[in-house]
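Structure data follow from final_6.cif (mmCIF, C-alpha atoms):
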data_query
loop_
_atom_site.label_atom_id
_atom_site.label_comp_id
_atom_site.auth_asym_id
_atom_site.auth_seq_id
_atom_site.Cartn_x
_atom_site.Cartn_y
_atom_site.Cartn_z
CA MET A 1 -52.06 -30.94 -24.64
CA SER A 2 -53.63 -27.72 -25.88
CA THR A 3 -53.58 -26.96 -29.57
CA GLN A 4 -54.17 -23.53 -31.11
CA PRO A 5 -57.75 -22.50 -30.22
CA VAL A 6 -60.02 -22.79 -33.22
CA THR A 7 -62.30 -20.03 -31.94
CA ASP A 8 -59.95 -17.40 -33.40
CA SER A 9 -60.90 -16.14 -36.84
CA PRO A 10 -58.93 -17.80 -39.67
CA LEU A 11 -57.80 -14.37 -40.86
CA LYS A 12 -56.38 -13.53 -37.43
CA GLN A 13 -54.70 -16.92 -37.12
CA LEU A 14 -53.17 -16.63 -40.58
CA TRP A 15 -51.75 -13.17 -40.01
CA ARG A 16 -50.40 -14.08 -36.56
CA LEU A 17 -48.52 -17.02 -38.04
CA SER A 18 -47.57 -15.67 -41.47
CA TRP A 19 -45.88 -12.34 -40.69
CA PRO A 20 -43.02 -13.90 -38.65
CA ILE A 21 -42.53 -16.41 -41.46
CA MET A 22 -42.30 -13.56 -43.98
CA VAL A 23 -39.66 -11.85 -41.83
CA SER A 24 -37.77 -15.14 -41.60
CA ASN A 25 -38.03 -15.77 -45.34
CA ALA A 26 -36.86 -12.24 -46.16
CA SER A 27 -33.72 -12.85 -44.11
CA VAL A 28 -32.60 -15.55 -46.58
CA PRO A 29 -31.61 -13.13 -49.38
CA LEU A 30 -30.41 -10.69 -46.69
CA LEU A 31 -27.81 -13.22 -45.59
CA GLY A 32 -26.44 -13.39 -49.13
CA LEU A 33 -26.33 -9.60 -49.30
CA VAL A 34 -24.31 -9.48 -46.06
CA ASP A 35 -21.74 -11.93 -47.42
CA THR A 36 -21.56 -9.93 -50.64
CA ALA A 37 -21.17 -6.64 -48.80
CA VAL A 38 -18.26 -7.97 -46.71
CA VAL A 39 -16.18 -9.38 -49.56
CA GLY A 40 -17.39 -6.70 -51.97
CA HIS A 41 -15.23 -4.14 -50.18
CA LEU A 42 -12.05 -6.22 -50.30
CA PRO A 43 -9.32 -5.05 -52.67
CA ASP A 44 -9.36 -8.32 -54.67
CA SER A 45 -12.67 -8.72 -56.54
CA ARG A 46 -12.02 -12.44 -57.07
CA HIS A 47 -13.23 -13.12 -53.51
CA LEU A 48 -16.57 -11.52 -54.30
CA ALA A 49 -16.98 -13.67 -57.41
CA ALA A 50 -15.99 -16.81 -55.48
CA VAL A 51 -18.48 -16.17 -52.66
CA ALA A 52 -21.29 -15.28 -55.09
CA LEU A 53 -20.73 -18.43 -57.13
CA GLY A 54 -20.16 -20.69 -54.14
CA ALA A 55 -23.24 -19.42 -52.31
CA SER A 56 -25.36 -19.97 -55.43
CA ALA A 57 -24.05 -23.52 -55.69
CA PHE A 58 -25.06 -24.37 -52.14
CA SER A 59 -28.43 -22.66 -52.51
CA LEU A 60 -29.06 -25.04 -55.42
CA LEU A 61 -27.79 -28.07 -53.50
CA PHE A 62 -29.65 -27.44 -50.25
CA TRP A 63 -32.86 -26.35 -51.96
CA ALA A 64 -33.08 -29.87 -53.38
CA PHE A 65 -33.56 -31.08 -49.79
CA GLY A 66 -36.40 -28.68 -49.03
CA PHE A 67 -38.69 -31.72 -48.82
CA LEU A 68 -37.37 -32.21 -45.28
CA ARG A 69 -39.18 -29.09 -44.08
CA MET A 70 -42.33 -29.60 -46.14
CA GLY A 71 -42.78 -33.27 -45.31
CA THR A 72 -42.10 -32.67 -41.63
CA THR A 73 -44.62 -29.82 -41.42
CA SER A 74 -47.30 -32.00 -43.00
CA VAL A 75 -46.92 -34.93 -40.60
CA ILE A 76 -46.44 -32.87 -37.43
CA ALA A 77 -49.30 -30.45 -38.17
CA GLN A 78 -51.75 -33.32 -38.56
CA ALA A 79 -50.51 -34.92 -35.33
CA TYR A 80 -50.83 -31.54 -33.60
CA GLY A 81 -54.44 -31.28 -34.76
CA ARG A 82 -55.15 -34.76 -33.30
CA ASP A 83 -53.51 -33.85 -29.95
CA ASP A 84 -51.07 -36.71 -30.57
CA GLY A 85 -48.05 -35.83 -28.41
CA ASP A 86 -46.44 -39.25 -28.89
CA GLY A 87 -46.83 -38.97 -32.67
CA ILE A 88 -45.24 -35.49 -32.72
CA ARG A 89 -42.20 -36.73 -30.81
CA PHE A 90 -41.86 -39.88 -32.92
CA SER A 91 -42.11 -38.05 -36.25
CA THR A 92 -39.78 -35.28 -35.05
CA LEU A 93 -37.02 -37.71 -34.10
CA GLN A 94 -37.53 -39.66 -37.32
CA ALA A 95 -37.18 -36.52 -39.46
CA MET A 96 -34.18 -35.25 -37.47
CA LEU A 97 -32.41 -38.59 -37.87
CA MET A 98 -33.04 -38.56 -41.62
CA ALA A 99 -31.78 -34.96 -41.97
CA VAL A 100 -28.55 -35.58 -40.07
CA CYS A 101 -27.87 -38.82 -41.96
CA LEU A 102 -28.40 -37.11 -45.33
CA GLY A 103 -26.13 -34.25 -44.25
CA VAL A 104 -23.38 -36.66 -43.21
CA LEU A 105 -23.84 -38.53 -46.51
CA LEU A 106 -23.23 -35.28 -48.43
CA ILE A 107 -19.97 -34.84 -46.51
CA VAL A 108 -18.91 -38.45 -47.19
CA LEU A 109 -19.76 -38.05 -50.89
CA GLN A 110 -18.41 -34.52 -51.11
CA ARG A 111 -15.96 -35.30 -53.91
CA PRO A 112 -18.59 -36.27 -56.55
CA VAL A 113 -21.07 -33.71 -55.15
CA LEU A 114 -18.62 -30.83 -55.43
CA LEU A 115 -17.42 -32.00 -58.85
CA LEU A 116 -21.04 -31.88 -60.02
CA LEU A 117 -21.49 -28.35 -58.64
CA GLU A 118 -18.22 -27.28 -60.27
CA HIS A 119 -19.42 -28.69 -63.60
CA ILE A 120 -22.80 -26.92 -63.35
CA PHE A 121 -21.38 -23.50 -62.48
CA SER A 122 -18.07 -23.77 -64.40
CA PRO A 123 -16.03 -21.09 -62.54
CA GLU A 124 -13.45 -19.17 -64.53
CA GLN A 125 -9.85 -20.30 -64.09
CA SER A 126 -8.93 -17.08 -62.26
CA ILE A 127 -11.34 -17.84 -59.39
CA ARG A 128 -11.51 -21.62 -59.60
CA GLU A 129 -9.26 -22.28 -56.59
CA LEU A 130 -11.13 -19.78 -54.43
CA VAL A 131 -14.49 -21.30 -55.41
CA LEU A 132 -13.28 -24.84 -54.67
CA SER A 133 -11.94 -23.71 -51.30
CA TYR A 134 -15.33 -22.16 -50.48
CA LEU A 135 -17.17 -25.33 -51.56
CA HIS A 136 -14.94 -27.66 -49.52
CA ILE A 137 -15.59 -25.57 -46.40
CA ARG A 138 -19.34 -24.97 -46.80
CA ILE A 139 -20.10 -28.66 -47.37
CA TRP A 140 -19.42 -29.21 -43.64
CA SER A 141 -22.54 -27.22 -42.82
CA ALA A 142 -24.76 -29.83 -44.52
CA PRO A 143 -25.94 -31.73 -41.38
CA ALA A 144 -26.83 -28.49 -39.57
CA THR A 145 -28.52 -26.92 -42.60
CA LEU A 146 -30.72 -29.96 -43.23
CA LEU A 147 -31.46 -30.31 -39.52
CA ASN A 148 -32.57 -26.67 -39.50
CA TYR A 149 -35.08 -27.48 -42.24
CA VAL A 150 -36.64 -30.12 -39.98
CA LEU A 151 -36.59 -27.90 -36.88
CA LEU A 152 -38.32 -25.09 -38.75
CA GLY A 153 -40.87 -27.57 -40.10
CA VAL A 154 -41.71 -28.91 -36.62
CA LEU A 155 -41.96 -25.50 -34.96
CA LEU A 156 -44.06 -24.15 -37.82
CA ALA A 157 -46.39 -27.16 -37.65
CA MET A 158 -46.98 -26.54 -33.94
CA GLN A 159 -47.78 -22.89 -34.76
CA HIS A 160 -44.79 -21.46 -32.87
CA ALA A 161 -45.07 -18.16 -34.72
CA ARG A 162 -41.81 -16.50 -33.64
CA ALA A 163 -39.53 -19.54 -33.83
CA PRO A 164 -38.52 -19.00 -37.50
CA VAL A 165 -37.53 -15.40 -36.71
CA LEU A 166 -35.51 -16.41 -33.64
CA MET A 167 -33.69 -19.15 -35.53
CA MET A 168 -32.91 -16.98 -38.54
CA LEU A 169 -31.79 -14.10 -36.31
CA SER A 170 -29.36 -16.40 -34.51
CA ILE A 171 -27.96 -17.56 -37.85
CA ASN A 172 -27.78 -14.10 -39.44
CA ILE A 173 -26.30 -12.25 -36.47
CA THR A 174 -23.65 -14.95 -35.99
CA ASN A 175 -22.88 -14.88 -39.69
CA ILE A 176 -22.52 -11.09 -39.79
CA LEU A 177 -20.18 -11.01 -36.78
CA LEU A 178 -18.03 -13.88 -38.04
CA ASP A 179 -17.92 -12.44 -41.56
CA ALA A 180 -16.33 -9.32 -40.12
CA LEU A 181 -14.00 -11.26 -37.82
CA LEU A 182 -12.88 -14.14 -40.04
CA GLY A 183 -13.33 -12.59 -43.47
CA VAL A 184 -11.87 -9.14 -42.79
CA GLN A 185 -10.17 -8.89 -39.41
CA TRP A 186 -8.31 -12.20 -39.64
CA GLY A 187 -7.79 -11.88 -43.40
CA TRP A 188 -9.32 -15.22 -44.38
CA TYR A 189 -11.45 -13.45 -47.03
CA SER A 190 -13.77 -15.80 -48.98
CA ALA A 191 -12.67 -18.81 -46.89
CA GLY A 192 -13.54 -16.85 -43.75
CA VAL A 193 -17.01 -16.10 -45.14
CA ALA A 194 -17.49 -19.83 -45.78
CA TRP A 195 -16.45 -20.74 -42.22
CA ALA A 196 -18.75 -18.04 -40.87
CA SER A 197 -21.70 -19.68 -42.64
CA VAL A 198 -20.75 -23.11 -41.29
CA VAL A 199 -20.55 -21.94 -37.67
CA ALA A 200 -23.75 -19.89 -38.03
CA GLU A 201 -25.73 -22.91 -39.27
CA TYR A 202 -24.64 -25.05 -36.29
CA LEU A 203 -25.49 -22.30 -33.81
CA GLY A 204 -28.85 -21.98 -35.56
CA SER A 205 -29.38 -25.70 -34.96
CA LEU A 206 -28.64 -25.27 -31.25
CA CYS A 207 -31.14 -22.41 -31.09
CA GLY A 208 -33.75 -24.52 -32.91
CA LEU A 209 -33.20 -27.50 -30.61
CA TRP A 210 -33.60 -25.24 -27.56
CA LEU A 211 -36.85 -23.83 -28.93
CA LEU A 212 -38.10 -27.31 -29.78
CA TRP A 213 -37.27 -28.66 -26.31
CA HIS A 214 -39.18 -25.89 -24.56
CA THR A 215 -42.13 -26.21 -26.95
CA LEU A 216 -42.44 -29.97 -26.49
CA ALA A 217 -41.98 -29.69 -22.71
CA ARG A 218 -45.45 -28.10 -22.53
CA LEU A 219 -47.07 -30.98 -24.43
CA PRO A 220 -47.95 -34.35 -22.84
CA GLY A 221 -46.52 -37.46 -24.42
CA HIS A 222 -43.48 -39.72 -24.38
CA TRP A 223 -40.36 -40.01 -26.50
CA PRO A 224 -40.07 -43.24 -28.51
CA SER A 225 -37.43 -45.86 -27.76
CA LEU A 226 -34.54 -46.28 -30.14
CA SER A 227 -35.73 -49.75 -31.15
CA SER A 228 -39.23 -48.54 -32.04
CA LEU A 229 -37.72 -45.65 -34.02
CA LEU A 230 -35.45 -47.94 -36.03
CA GLN A 231 -38.25 -50.45 -36.65
CA SER A 232 -40.71 -47.83 -37.93
CA ARG A 233 -42.06 -47.72 -41.47
CA TRP A 234 -39.22 -45.82 -43.13
CA LEU A 235 -40.28 -46.91 -46.61
CA LYS A 236 -43.52 -44.91 -46.42
CA LEU A 237 -41.57 -41.86 -45.25
CA PHE A 238 -39.08 -42.19 -48.10
CA GLN A 239 -41.90 -42.52 -50.63
CA ALA A 240 -43.48 -39.27 -49.44
CA HIS A 241 -40.16 -37.46 -49.51
CA ARG A 242 -39.36 -38.96 -52.92
CA ASP A 243 -42.40 -37.25 -54.44
CA LEU A 244 -41.42 -33.90 -52.91
CA PHE A 245 -37.81 -34.40 -54.05
CA ILE A 246 -38.90 -35.02 -57.66
CA ARG A 247 -41.12 -31.91 -57.50
CA THR A 248 -38.21 -29.80 -56.25
CA LEU A 249 -35.89 -31.16 -58.94
CA CYS A 250 -38.45 -30.15 -61.59
CA LEU A 251 -38.58 -26.60 -60.20
CA LEU A 252 -34.78 -26.46 -60.07
CA GLY A 253 -34.58 -27.80 -63.60
CA VAL A 254 -36.93 -25.13 -64.97
CA LEU A 255 -35.04 -22.32 -63.20
CA THR A 256 -31.65 -23.70 -64.28
CA TRP A 257 -32.82 -24.04 -67.88
CA MET A 258 -34.16 -20.48 -67.78
CA THR A 259 -30.77 -19.21 -66.58
CA ARG A 260 -28.72 -21.34 -68.97
CA GLN A 261 -30.70 -20.39 -72.08
CA GLY A 262 -30.56 -16.74 -71.07
CA SER A 263 -26.77 -16.96 -70.81
CA LEU A 264 -26.58 -18.25 -74.39
CA LEU A 265 -28.35 -15.07 -75.56
CA GLY A 266 -25.59 -12.78 -74.32
CA ALA A 267 -24.23 -11.21 -71.15
CA ASP A 268 -26.70 -8.31 -71.14
CA ILE A 269 -29.74 -10.59 -71.37
CA LEU A 270 -28.25 -12.87 -68.72
CA ALA A 271 -27.82 -9.89 -66.37
CA ALA A 272 -31.32 -8.52 -67.09
CA ASN A 273 -32.94 -11.91 -66.55
CA ALA A 274 -30.98 -12.40 -63.31
CA ILE A 275 -32.32 -9.12 -61.89
CA LEU A 276 -35.88 -9.89 -62.99
CA LEU A 277 -35.68 -13.36 -61.47
CA GLN A 278 -34.44 -11.84 -58.21
CA GLY A 279 -37.68 -9.86 -58.16
CA MET A 280 -39.62 -13.08 -58.69
CA SER A 281 -37.64 -14.77 -55.93
CA LEU A 282 -38.36 -11.98 -53.46
CA THR A 283 -42.06 -12.17 -54.32
CA SER A 284 -42.12 -15.90 -53.65
CA TYR A 285 -40.39 -15.46 -50.28
CA VAL A 286 -43.16 -13.10 -49.14
CA LEU A 287 -46.11 -15.03 -50.60
CA ASP A 288 -44.72 -18.26 -49.15
CA GLY A 289 -45.42 -16.81 -45.72
CA PHE A 290 -49.15 -17.33 -46.30
CA ALA A 291 -48.57 -20.75 -47.87
CA GLN A 292 -46.52 -21.96 -44.90
CA ALA A 293 -49.14 -20.69 -42.47
CA VAL A 294 -51.70 -22.70 -44.47
CA GLU A 295 -49.48 -25.79 -44.08
CA SER A 296 -49.70 -25.47 -40.32
CA LEU A 297 -53.33 -24.40 -39.85
CA CYS A 298 -54.88 -26.60 -42.54
CA GLY A 299 -52.71 -29.52 -41.45
CA ALA A 300 -54.12 -29.25 -37.93
CA ALA A 301 -57.68 -28.96 -39.30
CA TRP A 302 -57.13 -31.99 -41.54
CA GLY A 303 -55.72 -33.96 -38.61
CA ARG A 304 -58.81 -33.34 -36.46
CA ARG A 305 -61.11 -33.89 -39.49
CA ASP A 306 -62.46 -30.35 -39.43
CA GLN A 307 -63.28 -29.76 -43.09
CA ALA A 308 -65.26 -26.58 -42.40
CA ARG A 309 -62.28 -24.97 -40.66
CA LEU A 310 -60.00 -26.01 -43.51
CA ARG A 311 -62.22 -24.29 -46.07
CA LEU A 312 -62.46 -21.11 -43.99
CA THR A 313 -58.67 -21.03 -43.64
CA VAL A 314 -58.12 -21.50 -47.37
CA ARG A 315 -60.65 -18.74 -48.12
CA ALA A 316 -58.91 -16.32 -45.72
CA ALA A 317 -55.49 -17.22 -47.11
CA ALA A 318 -56.72 -16.68 -50.67
CA TRP A 319 -57.96 -13.22 -49.72
CA LEU A 320 -54.67 -12.20 -48.08
CA SER A 321 -52.51 -13.78 -50.79
CA GLY A 322 -54.51 -12.31 -53.66
CA TRP A 323 -54.28 -8.73 -52.38
CA THR A 324 -50.57 -9.15 -51.61
CA ALA A 325 -49.91 -10.49 -55.11
CA LEU A 326 -51.79 -7.52 -56.60
CA ALA A 327 -49.61 -5.17 -54.54
CA TRP A 328 -46.48 -6.81 -55.97
CA THR A 329 -47.85 -6.48 -59.52
CA LEU A 330 -48.53 -2.76 -59.02
CA LEU A 331 -45.08 -2.29 -57.49
CA PHE A 332 -43.38 -3.92 -60.49
CA LEU A 333 -45.51 -2.00 -63.00
CA PHE A 334 -44.97 1.45 -61.51
CA ALA A 335 -41.64 1.16 -59.68
CA GLY A 336 -39.90 -1.82 -61.30
CA LEU A 337 -37.50 0.20 -63.43
CA PRO A 338 -36.50 2.68 -60.66
CA LEU A 339 -35.81 -0.31 -58.41
CA ALA A 340 -33.69 -1.89 -61.15
CA HIS A 341 -31.58 1.28 -61.19
CA LEU A 342 -30.56 0.43 -57.63
CA LEU A 343 -29.09 -2.86 -58.81
CA THR A 344 -27.40 -1.84 -62.06
CA SER A 345 -26.39 1.27 -63.96
CA VAL A 346 -25.60 -0.41 -67.29
CA PRO A 347 -27.83 1.26 -69.94
CA ALA A 348 -28.14 -1.84 -72.12
CA VAL A 349 -29.22 -4.00 -69.17
CA LEU A 350 -31.72 -1.39 -67.96
CA ALA A 351 -33.23 -1.17 -71.45
CA LEU A 352 -33.71 -4.94 -71.50
CA ILE A 353 -35.25 -4.92 -68.03
CA ASP A 354 -37.71 -2.25 -69.14
CA HIS A 355 -38.61 -4.34 -72.20
CA TYR A 356 -39.20 -7.61 -70.33
CA LEU A 357 -40.59 -6.15 -67.09
CA PRO A 358 -44.27 -6.83 -67.98
CA TRP A 359 -43.55 -10.57 -67.96
CA LEU A 360 -42.43 -10.27 -64.34
CA ALA A 361 -45.07 -7.74 -63.30
CA TRP A 362 -48.06 -9.98 -63.99
CA MET A 363 -46.39 -13.16 -62.71
CA PRO A 364 -47.40 -12.77 -59.00
CA LEU A 365 -51.11 -12.82 -59.87
CA ILE A 366 -50.61 -16.16 -61.63
CA ALA A 367 -48.03 -17.82 -59.38
CA VAL A 368 -49.64 -16.92 -56.05
CA TRP A 369 -52.29 -19.64 -56.35
CA SER A 370 -49.74 -22.38 -56.95
CA TYR A 371 -47.78 -21.23 -53.86
CA LEU A 372 -50.92 -21.13 -51.73
CA LEU A 373 -52.34 -24.47 -52.82
CA ASP A 374 -48.94 -26.14 -52.53
CA GLY A 375 -49.30 -25.25 -48.86
CA LEU A 376 -52.73 -26.89 -48.77
CA LEU A 377 -51.48 -30.11 -50.40
CA ILE A 378 -48.49 -30.21 -48.05
CA ALA A 379 -50.89 -29.80 -45.11
CA THR A 380 -52.98 -32.75 -46.27
CA GLY A 381 -50.03 -34.92 -47.30
CA GLN A 382 -50.96 -35.09 -51.00
CA PHE A 383 -47.40 -35.04 -52.27
CA LYS A 384 -48.00 -37.15 -55.36
CA ALA A 385 -50.40 -34.53 -56.73
CA MET A 386 -47.78 -31.82 -56.12
CA ARG A 387 -45.22 -33.90 -57.99
CA ASP A 388 -47.49 -34.60 -60.96
CA THR A 389 -48.71 -31.02 -61.46
CA VAL A 390 -45.16 -29.61 -61.44
CA LEU A 391 -43.85 -32.43 -63.64
CA LEU A 392 -46.53 -31.83 -66.29
CA ALA A 393 -45.95 -28.06 -66.14
CA ALA A 394 -42.18 -28.61 -66.58
CA VAL A 395 -42.81 -30.75 -69.67
CA LEU A 396 -45.02 -27.97 -71.07
CA PHE A 397 -42.27 -25.44 -70.30
CA ILE A 398 -39.74 -27.36 -72.41
CA LEU A 399 -42.27 -27.87 -75.22
CA ILE A 400 -43.24 -24.18 -75.39
CA TRP A 401 -39.59 -23.14 -75.24
CA TRP A 402 -38.78 -25.47 -78.14
CA LEU A 403 -41.65 -24.13 -80.25
CA SER A 404 -40.87 -20.47 -79.45
CA ARG A 405 -37.06 -20.59 -79.36
CA ASP A 406 -36.85 -18.39 -82.47
CA LEU A 407 -38.37 -15.59 -80.37
CA GLY A 408 -35.24 -15.47 -78.24
CA ASN A 409 -35.65 -14.15 -74.71
CA SER A 410 -39.35 -13.37 -75.28
CA GLY A 411 -39.93 -17.05 -76.06
CA LEU A 412 -38.02 -17.99 -72.93
CA TRP A 413 -40.18 -15.72 -70.75
CA LEU A 414 -43.34 -16.96 -72.50
CA SER A 415 -42.36 -20.52 -71.60
CA TYR A 416 -41.66 -19.55 -67.97
CA TRP A 417 -44.97 -17.67 -67.72
CA LEU A 418 -46.97 -20.57 -69.16
CA PHE A 419 -45.17 -22.94 -66.78
CA PHE A 420 -46.76 -21.07 -63.87
CA VAL A 421 -50.12 -20.92 -65.66
CA ALA A 422 -50.13 -24.70 -66.16
CA ARG A 423 -48.90 -25.36 -62.62
CA THR A 424 -51.58 -23.11 -61.17
CA LEU A 425 -54.43 -24.55 -63.25
CA GLY A 426 -53.41 -28.10 -62.39
CA ILE A 427 -53.14 -27.55 -58.66
CA VAL A 428 -56.35 -25.46 -58.48
CA TRP A 429 -58.30 -28.21 -60.26
CA TYR A 430 -56.89 -30.97 -58.06
CA SER A 431 -57.29 -29.06 -54.79
CA TRP A 432 -60.86 -28.06 -55.50
CA ARG A 433 -61.90 -31.57 -56.49
CA HIS A 434 -59.99 -33.67 -53.96
CA THR A 435 -59.35 -31.46 -50.93
CA ILE A 436 -61.44 -28.31 -50.55
CA THR A 437 -64.78 -29.89 -51.48
CA ASN A 438 -63.91 -33.36 -50.16
CA LYS A 439 -66.94 -34.46 -48.13
CA ASN A 440 -65.41 -37.77 -47.05
CA LYS A 441 -62.70 -36.31 -44.84
#

What would the structure in this file look like if it were written as C-alpha cells?
Amino acid sequence: MSTQPVTDSPLKQLWRLSWPIMVSNASVPLLGLVDTAVVGHLPDSRHLAAVALGASAFSLLFWAFGFLRMGTTSVIAQAYGRDDGDGIRFSTLQAMLMAVCLGVLLIVLQRPVLLLLEHIFSPEQSIRELVLSYLHIRIWSAPATLLNYVLLGVLLAMQHARAPVLMMLSINITNILLDALLGVQWGWYSAGVAWASVVAEYLGSLCGLWLLWHTLARLPGHWPSLSSLLQSRWLKLFQAHRDLFIRTLCLLGVLTWMTRQGSLLGADILAANAILLQGMSLTSYVLDGFAQAVESLCGAAWGRRDQARLRLTVRAAAWLSGWTALAWTLLFLFAGLPLAHLLTSVPAVLALIDHYLPWLAWMPLIAVWSYLLDGLLIATGQFKAMRDTVLLAAVLFILIWWLSRDLGNSGLWLSYWLFFVARTLGIVWYSWRHTITNKNK
C-alpha cells in the first residue's frame, strides 16, 4: 500500500487536495440555485416557495448528520497514514452500515420527523400542501444522502482529490436534467423537483461506490467478515459521533436563533440578514476546502506519528486560509453592496445590508481559524474538544444576545460575531496546547 508521498511540500499537497474540495463545496449552493431557477419560471409562484422552504428544511435535517463525514474522515485518514488496509476497509463498512441504517430510520420515522420540520418552518396555508408533498418525497433520499457523506469522507481521507468533484458533478448534472424533465416537461412542478433530487442522490451514491471500489482495489488488505463487523466496538463509534452531533446541533441552534430573532424584527431585516448570511455561508464553503484538506493530511500524519509533518501542514494551511479570508473581507468591504444589488432591488433591504455589512465583512478573519482548527481536531479525533468549545461559545451567544437585545439587529449581530470570537479563541488555545505542540504523540 502506498500512501501520499510525504516528500511533497505541505503547501503543494494542501492546494492539490483543497481546490477540488472547494469546487465540490461551491456546487452545494449551486444545486439550490438550479432548483430555484427551474420552478422560478413556472407560472404559479407557490411552487417556488414550496421548493425553497422544503429544500431549506432538508438542508437543516441532513446537516445534523454531518458527523458521518467528519468522523469517517478522521478514522480513515489515520488508518491511511499507518498503511492499515484492513482498518480502512473495516471502518469504511462500519460507517456505511451506520449511514444506511440512520437513513432508513429517518424514513421509518418520517411522520414525526416531517411534523417537526413543518413546525419549525411553519409554511403558509397557501403552500402547505405543496411543501408537505415535497417533504414526503425528499425523505426517501435519506439513505443515499447519508451514505454520500460517508463516501466523501472515505475518499477525502485517502486523498482522492478529484472524487468530491466527480460525485457532486454526477449529482448536479442528474438533478439539472431531471428538473427539466420531471419539473417542467412532465408538469410535476415542485414534486418533480423533489423526485429529481431523490434520484440524483442515489446516482451520486453509485458513482461514489464505483470510485471507492477502484480506490481500494489498489490498496492491499482484506474485507472484514460480517460477524467481525457486527461484533465490533460500536459503542466507541457512537460516542465519537455523539460529540460531533452535539457540536452540529449547537451550530444549527445558533443559526436558527439568529434567523428566528431576525424575523421578529420585521420582514426587511429578515431579508437583509438572509442575504448577509448567504455571504457568510459561501465564505465557509470555500474556507472549508482548506480545513477538509487538513483533515486528510494531518490525519495521515497523526496516524504515522509524524508530529513535524503535522505542524508544517498546519502552518501551510494557516497561510493559505489567512490570505483567502483577507480576500473575502476585502471583497465584502469594497464590493458587498454591488453584489447585494444582484440579489435584491428593494431599497429598504439594500439600506439595511449597507448598514450591517461591516459585521459580515470582518467575520472571515475571525471565523477562518475555527474552521481550520476544526479540521485539525477532526484529523486527530479530538471530538470532545470540538463539542465543548462550540457549546461554550453557544452559551455565550445566548448570554450576549440577552444582554444586548435592546440594540435590536445590531445586538443580534454582535452576539453572532462574539460567538465566532469565543469559538476561535477556545479552539486555538486547545489546539496549540494539546495537538500542535504535543511532544508525546

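Across A:Leu102, A:Leu360, A:Ala300, A:Leu226, the tightest approach to Ala274 of chain A is made by A:Leu360 when counting only C-alpha atoms.
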
Exercise. Return the single residue from A:Gly381, A:Gly183, A:Gly375, A:Gly279 that is closest to Leu337 of chain A, with distances computed using only C-alpha atoms.
Key: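 The answer is A:Gly279, which sits nearest to Leu337 of chain A.
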
Self-check item: Of the listed residues A:Ile436, A:Met96, A:Ala240, A:Met386, that which approaches Leu312 of chain A most closely, counting only C-alpha atoms
Solution: A:Ile436

Self-check item: Nearest to Ala348 of chain A, chosen from A:Gly208, A:Gly81, A:Pro224, A:Gly266, with all atoms listed in the file counted in the distances
Solution: A:Gly266

Exercise. May I have the protein, DNA and RNA residues with an atom at most 12 Å from (-30.8, -12.0, -80.7), counting all atoms listed in the file in the file's coordinates, returned as a VMD selection string?
Key: chain A and resid 262 to 269 352 405 to 411

Quiz item: Quick one: of A:Leu152, A:Ala77, A:Val193, A:Leu297, who's nearest to Gly54 of chain A, counting all atoms listed in the file?
Solution: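 The answer is A:Val193, which sits nearest to Gly54 of chain A.
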
Quiz item: How would you write, as a ChimeraX atom specification, the residues chosen by the PyMOL selection byres ((chain A and resi 320) around 12) on this structure?
Solution: /A:10-15,18-19,286-291,293-294,313-319,321-327,368-369,372

Exercise. Excluding Gly71 of chain A and residues on its chain fewer than 5 positions from it, collect all residues at most 9 Å away from it, counting only C-alpha atoms, and give them as number ranges by chain.
Key: A: 66, 76, 95, 150, 153, 237, 240-241, 244, 378-379, 381, 383

Exercise. State, in Å with one decimal place, the distance from atom CA of Pro220 of chain A to atom CA of Met167 of chain A.
Key: 24.4 Å

Quiz prompt | Contact residues around Phe245 of chain A with all atoms listed in the file at 12 Å, ignoring same-chain residues under 6 positions, as a VMD selection string | solution = chain A and resid 61 to 71 238 to 239 251 to 252 383 to 384 386 to 388 390 to 391

Take the residues that were just selected and, keeping C-alpha atoms, output them as a compact mmCIF listing (two decimals), keeping the file's coordinate frame.
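As a result, selection-v5.txt now contains:
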# COMPACT_ATOMS: atom_id res chain seq x y z
CA LEU A 61 -27.79 -28.07 -53.50
CA PHE A 62 -29.65 -27.44 -50.25
CA TRP A 63 -32.86 -26.35 -51.96
CA ALA A 64 -33.08 -29.87 -53.38
CA PHE A 65 -33.56 -31.08 -49.79
CA GLY A 66 -36.40 -28.68 -49.03
CA PHE A 67 -38.69 -31.72 -48.82
CA LEU A 68 -37.37 -32.21 -45.28
CA ARG A 69 -39.18 -29.09 -44.08
CA MET A 70 -42.33 -29.60 -46.14
CA GLY A 71 -42.78 -33.27 -45.31
CA PHE A 238 -39.08 -42.19 -48.10
CA GLN A 239 -41.90 -42.52 -50.63
CA LEU A 251 -38.58 -26.60 -60.20
CA LEU A 252 -34.78 -26.46 -60.07
CA PHE A 383 -47.40 -35.04 -52.27
CA LYS A 384 -48.00 -37.15 -55.36
CA MET A 386 -47.78 -31.82 -56.12
CA ARG A 387 -45.22 -33.90 -57.99
CA ASP A 388 -47.49 -34.60 -60.96
CA VAL A 390 -45.16 -29.61 -61.44
CA LEU A 391 -43.85 -32.43 -63.64

Self-check item: Shortest interatomic distance to Cys250 of chain A - which of A:Leu276, A:Ala393, A:Trp328, A:Ser197, counting all atoms listed in the file
Solution: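 Ranking A:Leu276, A:Ala393, A:Trp328, A:Ser197 by distance to Cys250 of chain A, first place goes to A:Ala393.
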
Quiz item: Where does the PyMOL selection byres ((chain A and resi 165) around 12) land in this file, that is, which residues does it pick, as number ranges by chain?
Solution: A: 17-28, 152, 155-156, 160-164, 166-173, 204, 207-208, 211

Practice problem: For the file shown, report as a PyMOL selection string the outcome of the PyMOL selection byres ((chain A and resi 137) around 12) at residue level. | Solution: chain A and resi 51+54-55+58+107+110+114+130-136+138-142+190-199
